[in-house]
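> So I've got this file, structure-v8.cif, and it contains mmCIF, C-alpha atoms:
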data_target
loop_
_atom_site.label_atom_id
_atom_site.label_comp_id
_atom_site.auth_asym_id
_atom_site.auth_seq_id
_atom_site.Cartn_x
_atom_site.Cartn_y
_atom_site.Cartn_z
CA VAL A 23 125.81 -12.18 -10.38
CA GLU A 24 126.84 -10.26 -13.42
CA GLU A 25 125.00 -6.94 -13.59
CA GLU A 26 121.86 -5.26 -12.41
CA GLU A 27 118.97 -4.90 -14.84
CA GLY A 28 116.21 -2.67 -13.59
CA GLY A 29 117.38 -3.24 -10.02
CA ALA A 30 117.31 -7.06 -10.19
CA PRO A 31 120.50 -9.13 -10.30
CA VAL A 32 121.22 -11.02 -13.54
CA TYR A 33 122.82 -14.47 -13.25
CA GLN A 34 124.63 -16.31 -16.05
CA VAL A 35 122.97 -19.46 -17.41
CA ASP A 36 125.25 -22.44 -17.85
CA LYS A 37 122.67 -24.52 -19.74
CA ILE A 38 119.02 -25.54 -19.90
CA VAL A 39 118.49 -29.00 -18.40
CA GLU A 40 114.80 -29.65 -19.17
CA GLU A 41 111.52 -27.94 -19.97
CA ARG A 42 107.88 -28.13 -18.91
CA VAL A 43 104.57 -26.43 -19.50
CA GLU A 44 103.37 -24.80 -16.31
CA GLY A 45 100.34 -22.54 -15.97
CA GLY A 46 99.90 -22.25 -19.73
CA GLY A 47 103.47 -21.09 -20.30
CA LEU A 48 106.79 -22.76 -21.04
CA GLU A 49 109.36 -23.01 -18.23
CA TYR A 50 112.97 -24.17 -18.37
CA ARG A 51 115.04 -25.88 -15.70
CA ILE A 52 118.19 -23.76 -15.55
CA LYS A 53 121.69 -24.86 -14.49
CA TRP A 54 123.38 -21.68 -13.30
CA ARG A 55 127.06 -21.01 -14.07
CA GLY A 56 129.15 -21.34 -10.94
CA TRP A 57 126.38 -23.03 -8.94
CA GLY A 58 125.83 -26.75 -8.25
CA SER A 59 122.95 -28.75 -9.68
CA ARG A 60 121.03 -28.57 -6.43
CA TRP A 61 120.57 -24.85 -7.14
CA ASN A 62 118.88 -25.44 -10.53
CA THR A 63 115.58 -23.54 -10.79
CA TRP A 64 112.53 -23.43 -13.03
CA GLU A 65 112.33 -20.14 -14.87
CA PRO A 66 109.69 -18.86 -17.30
CA GLU A 67 110.79 -18.28 -20.87
CA ARG A 68 110.54 -14.48 -20.47
CA HIS A 69 113.36 -14.54 -17.86
CA ILE A 70 115.90 -15.85 -20.37
CA ILE A 71 117.62 -12.88 -21.93
CA ASP A 72 120.22 -14.65 -24.13
CA GLN A 73 118.46 -16.30 -27.09
CA VAL A 74 121.60 -18.38 -27.84
CA ILE A 75 120.81 -20.46 -24.73
CA LEU A 76 117.34 -21.27 -26.15
CA THR A 77 118.84 -22.19 -29.56
CA GLU A 78 121.35 -24.52 -27.89
CA TRP A 79 118.51 -26.13 -25.92
CA GLU A 80 116.47 -26.77 -29.08
CA GLU A 81 119.54 -28.40 -30.70
CA THR A 82 120.07 -30.56 -27.60
CA LYS A 83 116.41 -31.67 -27.69
CA ALA A 84 116.71 -32.57 -31.38
CA ARG A 85 119.87 -34.64 -30.74
CA ARG A 86 118.19 -36.46 -27.82
CA ALA A 87 115.10 -37.21 -29.90
CA ALA A 88 117.19 -38.58 -32.77
CA SER A 89 119.23 -40.71 -30.39
CA ALA A 90 116.10 -42.05 -28.69
CA ALA A 91 114.54 -42.90 -32.06
CA ARG A 92 117.65 -44.84 -33.11
CA SER A 93 117.84 -46.81 -29.87
CA SER A 94 114.10 -47.53 -29.52
CA THR A 95 113.62 -49.06 -32.97
CA PRO A 96 115.62 -52.28 -33.04
CA ALA A 97 116.45 -53.81 -36.36
CA PRO A 98 113.77 -56.28 -37.39
CA ARG A 99 114.78 -59.77 -36.41
CA THR A 100 114.12 -62.52 -38.88
CA ASP A 101 113.31 -66.02 -37.75
CA GLU A 102 116.17 -68.09 -39.13
CA ARG A 103 115.01 -71.36 -37.63
CA ASP A 104 114.24 -74.25 -39.95
CA GLN A 105 110.43 -74.24 -39.82
CA ALA A 106 110.09 -77.85 -41.01
CA LEU A 107 112.46 -79.05 -38.29
CA LEU A 108 110.65 -76.92 -35.72
CA ALA A 109 107.29 -78.42 -36.71
CA GLU A 110 108.73 -81.95 -36.59
CA TYR A 111 110.05 -81.41 -33.06
CA ARG A 112 106.85 -79.82 -31.78
CA ASP A 113 104.47 -82.31 -33.40
CA LYS A 114 106.42 -85.55 -33.27
CA TRP A 115 109.34 -85.67 -30.89
CA LEU A 116 108.11 -83.49 -28.03
CA ALA A 117 104.69 -85.13 -28.13
CA ARG A 118 106.38 -88.50 -27.63
CA TYR A 119 109.38 -87.66 -25.41
CA ALA A 120 110.12 -85.19 -22.60
CA GLN A 121 111.89 -82.04 -23.74
CA ALA A 122 114.84 -82.45 -21.34
CA ALA A 123 115.34 -86.06 -22.48
CA VAL A 124 115.32 -85.04 -26.15
CA ALA A 125 117.86 -82.30 -25.40
CA ARG A 126 120.20 -84.75 -23.63
CA HIS A 127 120.00 -87.33 -26.41
CA ALA A 128 120.55 -84.66 -29.08
CA SER A 129 123.62 -83.31 -27.18
CA VAL A 130 121.97 -79.91 -26.73
CA SER A 131 121.42 -78.23 -23.39
CA PRO A 132 117.78 -78.09 -22.26
CA GLY A 133 118.08 -74.29 -22.17
CA GLN A 134 119.27 -74.16 -25.77
CA LEU A 135 116.44 -76.41 -26.92
CA SER A 136 113.90 -74.31 -25.03
CA ALA A 137 115.29 -71.07 -26.49
CA TRP A 138 115.29 -72.58 -29.98
CA LEU A 139 111.66 -73.67 -29.60
CA LYS A 140 110.62 -70.20 -28.38
CA GLY A 141 112.66 -68.39 -31.02
CA THR A 142 114.75 -66.51 -28.45
CA ILE A 143 118.04 -68.21 -29.26
CA GLY A 144 120.77 -66.05 -30.76
CA GLN A 145 121.08 -66.12 -34.53
CA ARG A 146 124.62 -67.48 -34.40
CA ALA A 147 123.56 -70.42 -32.23
CA VAL A 148 120.66 -71.49 -34.45
CA ALA A 149 122.83 -73.33 -36.99
CA GLY A 150 124.75 -75.31 -34.37
CA VAL A 151 121.64 -76.35 -32.46
CA GLU A 152 119.76 -77.31 -35.61
CA LEU A 153 122.70 -79.39 -36.87
CA LYS A 154 122.58 -81.50 -33.69
CA LEU A 155 118.77 -81.70 -33.71
CA ARG A 156 118.69 -82.82 -37.38
CA ALA A 157 121.29 -85.53 -36.70
CA TRP A 158 119.38 -86.84 -33.68
CA ALA A 159 116.02 -86.75 -35.49
CA ALA A 160 117.45 -88.73 -38.43
CA ALA A 161 118.93 -91.34 -36.07
CA ALA A 162 115.68 -91.53 -34.07
CA ARG A 163 113.59 -91.98 -37.24
CA GLY A 164 115.89 -94.82 -38.28
CA GLN A 165 115.62 -96.51 -34.88
CA LEU A 166 111.83 -96.21 -34.84
CA ALA A 167 111.62 -97.65 -38.34
CA SER A 168 113.77 -100.64 -37.37
CA GLY A 169 111.89 -101.21 -34.10
CA ALA A 170 114.95 -100.52 -31.93
CA SER A 171 114.57 -98.10 -29.06
CA ASP A 172 117.86 -98.44 -27.16
CA GLY A 173 119.16 -95.03 -28.31
CA LEU A 174 115.89 -93.19 -27.71
CA PRO A 175 114.75 -91.48 -24.54
CA PRO A 176 112.01 -93.17 -22.51
CA ALA A 177 108.55 -92.44 -23.89
CA ARG A 178 106.21 -90.20 -21.95
CA ARG A 179 103.95 -92.06 -19.54
CA ALA A 180 100.33 -91.37 -18.74
CA LYS A 181 99.92 -89.03 -15.83
CA ALA A 182 100.12 -90.92 -12.56
CA ALA A 183 97.12 -89.03 -11.16
CA GLU A 184 94.93 -90.28 -14.00
CA ALA A 185 95.96 -93.87 -13.32
CA ARG A 186 94.96 -93.63 -9.65
CA LYS A 187 91.60 -91.96 -10.24
CA PRO A 188 88.66 -94.13 -9.11
CA ALA A 189 86.48 -95.52 -11.86
CA ASN A 190 83.30 -93.96 -10.43
CA GLY A 191 84.83 -90.46 -10.71
CA ARG A 192 84.43 -89.72 -6.98
CA ARG A 193 87.15 -88.49 -4.78
CA GLY A 194 88.48 -90.65 -1.98
CA ARG A 195 87.15 -90.82 1.56
CA GLY A 196 89.28 -88.04 2.96
CA ARG A 197 88.39 -85.59 5.71
CA GLY A 198 87.28 -82.87 3.29
CA ARG A 199 83.73 -81.94 2.38
CA GLY A 200 81.61 -84.97 1.72
CA GLY A 201 84.56 -87.32 1.58
CA GLY A 202 84.12 -89.19 4.81
CA ARG A 203 81.46 -90.04 7.32
CA GLY A 204 82.17 -86.93 9.34
CA VAL A 205 80.61 -88.38 12.54
CA LEU A 206 81.90 -91.21 14.63
CA ASP A 207 79.62 -94.19 14.99
CA ALA A 208 77.86 -94.36 18.32
CA PRO A 209 79.22 -97.11 20.52
CA SER A 210 77.11 -100.23 20.46
CA ARG A 211 75.14 -101.07 23.60
CA VAL A 212 76.02 -104.13 25.45
CA LYS A 213 73.17 -105.84 27.37
#
Translate this file's structure into structure tokens.

Amino acid sequence: VEEEEGGAPVYQVDKIVEERVEGGGLEYRIKWRGWGSRWNTWEPERHIIDQVILTEWEETKARRAASAARSSTPAPRTDERDQALLAEYRDKWLARYAQAAVARHASVSPGQLSAWLKGTIGQRAVAGVELKLRAWAAAARGQLASGASDGLPPARRAKAAEARKPANGRRGRGRGRGGGRGVLDAPSRVK
């Protein structure tokens, strides 16, 4: 408490913490000098006597807005992946071989290959991954051209479920709806 003004005590403001619009007017959350943060209060603008406090608050808001604008707009990221190599892997190699098998044979971790395919790999790692992928693709093309497949991963197989599906398209005779007889045969009569 500093002095009395018109019979009411006047407290010193340490700083303004935030602002809001309440009841059509502007209010400020005040941190009082000599008091802990739990004693901060909302005060209408007309209660603030020292205009320097309001000027400092406006400067603080401007700094916060500038900082938020800098941090919320990341630098545009360019896709540095080799688009021809990416298309070759998507269209040719991953259509023929499992992704994990391609990664192992190309000496790349499955996670790195996945990140490279999605475009989420770090820019520094792109060159190293693509070097290994190019080398493996060239070797694989050569082996396919010569008819050798000993250095290639096993080719994808047809889905096992498709191979077991009955030719008539019906489901098996399970206990589900319509699959089985549902009722036991009556015992035969013996005469």
> Which residue, A:Gln165, A:Gln34, A:Ser59, A:Thr142, has the smallest gap to A:Arg103 when you use only C-alpha atoms?
A:Thr142
> Name the residues that the PyMOL selection byres ((chain A and resi 144) around 12) picks from the file above, as a VMD selection string, using the file's chain letters and numbers.
chain A and resid 99 to 103 134 to 135 137 to 143 145 to 151
> To one decimal place in Å, what is the distance between atom CA of A:Arg86 and atom CA of A:Gln73?
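Between these atoms lies a distance of 20.2 Å.
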> Using all atoms listed in the file, find the one residue out of A:Arg156, A:Tyr111, A:Asp104, A:Ala91 that sits nearest to A:Ser129.
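Under the stated criterion, the closest residue is A:Arg156.
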> Neighbouring residues of stretch 38-54 of chain A were defined as those with any atom within 9 Å, considering only C-alpha atoms; residues of the same chain fewer than 6 positions away were excluded. Please report them as a PyMOL selection string.
chain A and resi 60-68+75-76+78-79+83
> Using the chain letters and numbering of this document, enumerate as an MDAnalysis selection string the residues selected by the PyMOL selection byres ((chain A and resi 119) around 8).
chainID A and resid 115:118 120:121 123:124 175:178
> Quick check, in Å to one decimal: how far apart do atom CA of A:Glu80 and atom CA of A:Ser93 lie?
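Spanning atom CA of A:Glu80 to atom CA of A:Ser93 is a straight-line distance of 20.1 Å.
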> If I take atom CA of A:Ala167 and atom CA of A:Lys114, how far is one from the other in Å, to one decimal?
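Between these atoms lies a distance of 14.1 Å.
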> A:Asp172, A:Ala128, A:Arg92, A:Ala30: which is nearest A:Ala157, counting all atoms listed in the file?
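Closest residue, counting all atoms listed in the file: A:Ala128.
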> Could you check the closest approach to A:Thr77 for each of A:Lys37, A:Val130, A:Leu166, A:Gly173 and tell me which residue wins, using only C-alpha atoms?
A:Lys37
> Given the choices A:Ala109, A:Val32, A:Ala125, A:Leu153, which gets closest to A:Asp72 if the distance is worked out from only C-alpha atoms?
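Distance minimum relative to A:Asp72 lands on A:Val32.
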> Can you rebuild stretch 166-177 of chain A with all heavy atoms and give it as an mmCIF file, in the frame of the given file?

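After the write, rebuild15.cif holds the following:
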data_model
loop_
_atom_site.group_PDB
_atom_site.id
_atom_site.type_symbol
_atom_site.label_atom_id
_atom_site.label_comp_id
_atom_site.auth_asym_id
_atom_site.auth_seq_id
_atom_site.Cartn_x
_atom_site.Cartn_y
_atom_site.Cartn_z
ATOM 1 N N LEU A 166 113.264 -95.899 -34.906
ATOM 2 C CA LEU A 166 111.830 -96.210 -34.840
ATOM 3 C C LEU A 166 111.399 -97.092 -35.993
ATOM 4 O O LEU A 166 110.584 -97.998 -35.821
ATOM 5 C CB LEU A 166 111.002 -94.919 -34.828
ATOM 6 C CG LEU A 166 111.006 -94.130 -33.522
ATOM 7 C CD1 LEU A 166 110.228 -92.827 -33.695
ATOM 8 C CD2 LEU A 166 110.397 -94.952 -32.402
ATOM 9 N N ALA A 167 111.962 -96.850 -37.172
ATOM 10 C CA ALA A 167 111.620 -97.650 -38.340
ATOM 11 C C ALA A 167 112.090 -99.096 -38.188
ATOM 12 O O ALA A 167 111.419 -100.025 -38.635
ATOM 13 C CB ALA A 167 112.218 -97.032 -39.602
ATOM 14 N N SER A 168 113.243 -99.284 -37.537
ATOM 15 C CA SER A 168 113.770 -100.640 -37.370
ATOM 16 C C SER A 168 113.210 -101.333 -36.131
ATOM 17 O O SER A 168 113.472 -102.513 -35.912
ATOM 18 C CB SER A 168 115.300 -100.598 -37.282
ATOM 19 O OG SER A 168 115.694 -99.996 -36.062
ATOM 20 N N GLY A 169 112.466 -100.601 -35.304
ATOM 21 C CA GLY A 169 111.890 -101.210 -34.100
ATOM 22 C C GLY A 169 112.815 -101.155 -32.907
ATOM 23 O O GLY A 169 112.456 -101.605 -31.828
ATOM 24 N N ALA A 170 114.007 -100.627 -33.048
ATOM 25 C CA ALA A 170 114.950 -100.520 -31.930
ATOM 26 C C ALA A 170 114.668 -99.232 -31.166
ATOM 27 O O ALA A 170 114.322 -98.222 -31.755
ATOM 28 C CB ALA A 170 116.382 -100.499 -32.450
ATOM 29 N N SER A 171 114.813 -99.306 -29.856
ATOM 30 C CA SER A 171 114.570 -98.100 -29.060
ATOM 31 C C SER A 171 115.661 -97.865 -28.037
ATOM 32 O O SER A 171 115.491 -97.039 -27.134
ATOM 33 C CB SER A 171 113.216 -98.202 -28.363
ATOM 34 O OG SER A 171 113.225 -99.286 -27.458
ATOM 35 N N ASP A 172 116.800 -98.562 -28.162
ATOM 36 C CA ASP A 172 117.860 -98.440 -27.160
ATOM 37 C C ASP A 172 118.530 -97.072 -27.168
ATOM 38 O O ASP A 172 119.029 -96.637 -26.148
ATOM 39 C CB ASP A 172 118.892 -99.560 -27.295
ATOM 40 C CG ASP A 172 119.235 -99.882 -28.734
ATOM 41 O OD1 ASP A 172 118.305 -99.910 -29.550
ATOM 42 O OD2 ASP A 172 120.418 -100.110 -29.031
ATOM 43 N N GLY A 173 118.531 -96.342 -28.269
ATOM 44 C CA GLY A 173 119.160 -95.030 -28.310
ATOM 45 C C GLY A 173 118.176 -93.889 -28.130
ATOM 46 O O GLY A 173 118.542 -92.726 -28.240
ATOM 47 N N LEU A 174 116.919 -94.219 -27.861
ATOM 48 C CA LEU A 174 115.890 -93.190 -27.710
ATOM 49 C C LEU A 174 115.590 -92.927 -26.237
ATOM 50 O O LEU A 174 115.760 -93.810 -25.402
ATOM 51 C CB LEU A 174 114.596 -93.636 -28.408
ATOM 52 C CG LEU A 174 114.689 -93.828 -29.920
ATOM 53 C CD1 LEU A 174 113.408 -94.416 -30.456
ATOM 54 C CD2 LEU A 174 114.979 -92.509 -30.598
ATOM 55 N N PRO A 175 115.127 -91.743 -25.925
ATOM 56 C CA PRO A 175 114.750 -91.480 -24.540
ATOM 57 C C PRO A 175 113.501 -92.279 -24.173
ATOM 58 O O PRO A 175 112.776 -92.734 -25.057
ATOM 59 C CB PRO A 175 114.464 -89.978 -24.504
ATOM 60 C CG PRO A 175 114.360 -89.530 -25.903
ATOM 61 C CD PRO A 175 114.987 -90.566 -26.764
ATOM 62 N N PRO A 176 113.234 -92.462 -22.896
ATOM 63 C CA PRO A 176 112.010 -93.170 -22.510
ATOM 64 C C PRO A 176 110.784 -92.380 -22.949
ATOM 65 O O PRO A 176 110.768 -91.158 -22.862
ATOM 66 C CB PRO A 176 112.105 -93.275 -20.995
ATOM 67 C CG PRO A 176 113.138 -92.281 -20.586
ATOM 68 C CD PRO A 176 114.022 -92.046 -21.758
ATOM 69 N N ALA A 177 109.773 -93.104 -23.420
ATOM 70 C CA ALA A 177 108.550 -92.440 -23.890
ATOM 71 C C ALA A 177 107.803 -91.848 -22.710
ATOM 72 O O ALA A 177 107.931 -92.305 -21.577
ATOM 73 C CB ALA A 177 107.668 -93.453 -24.625
#
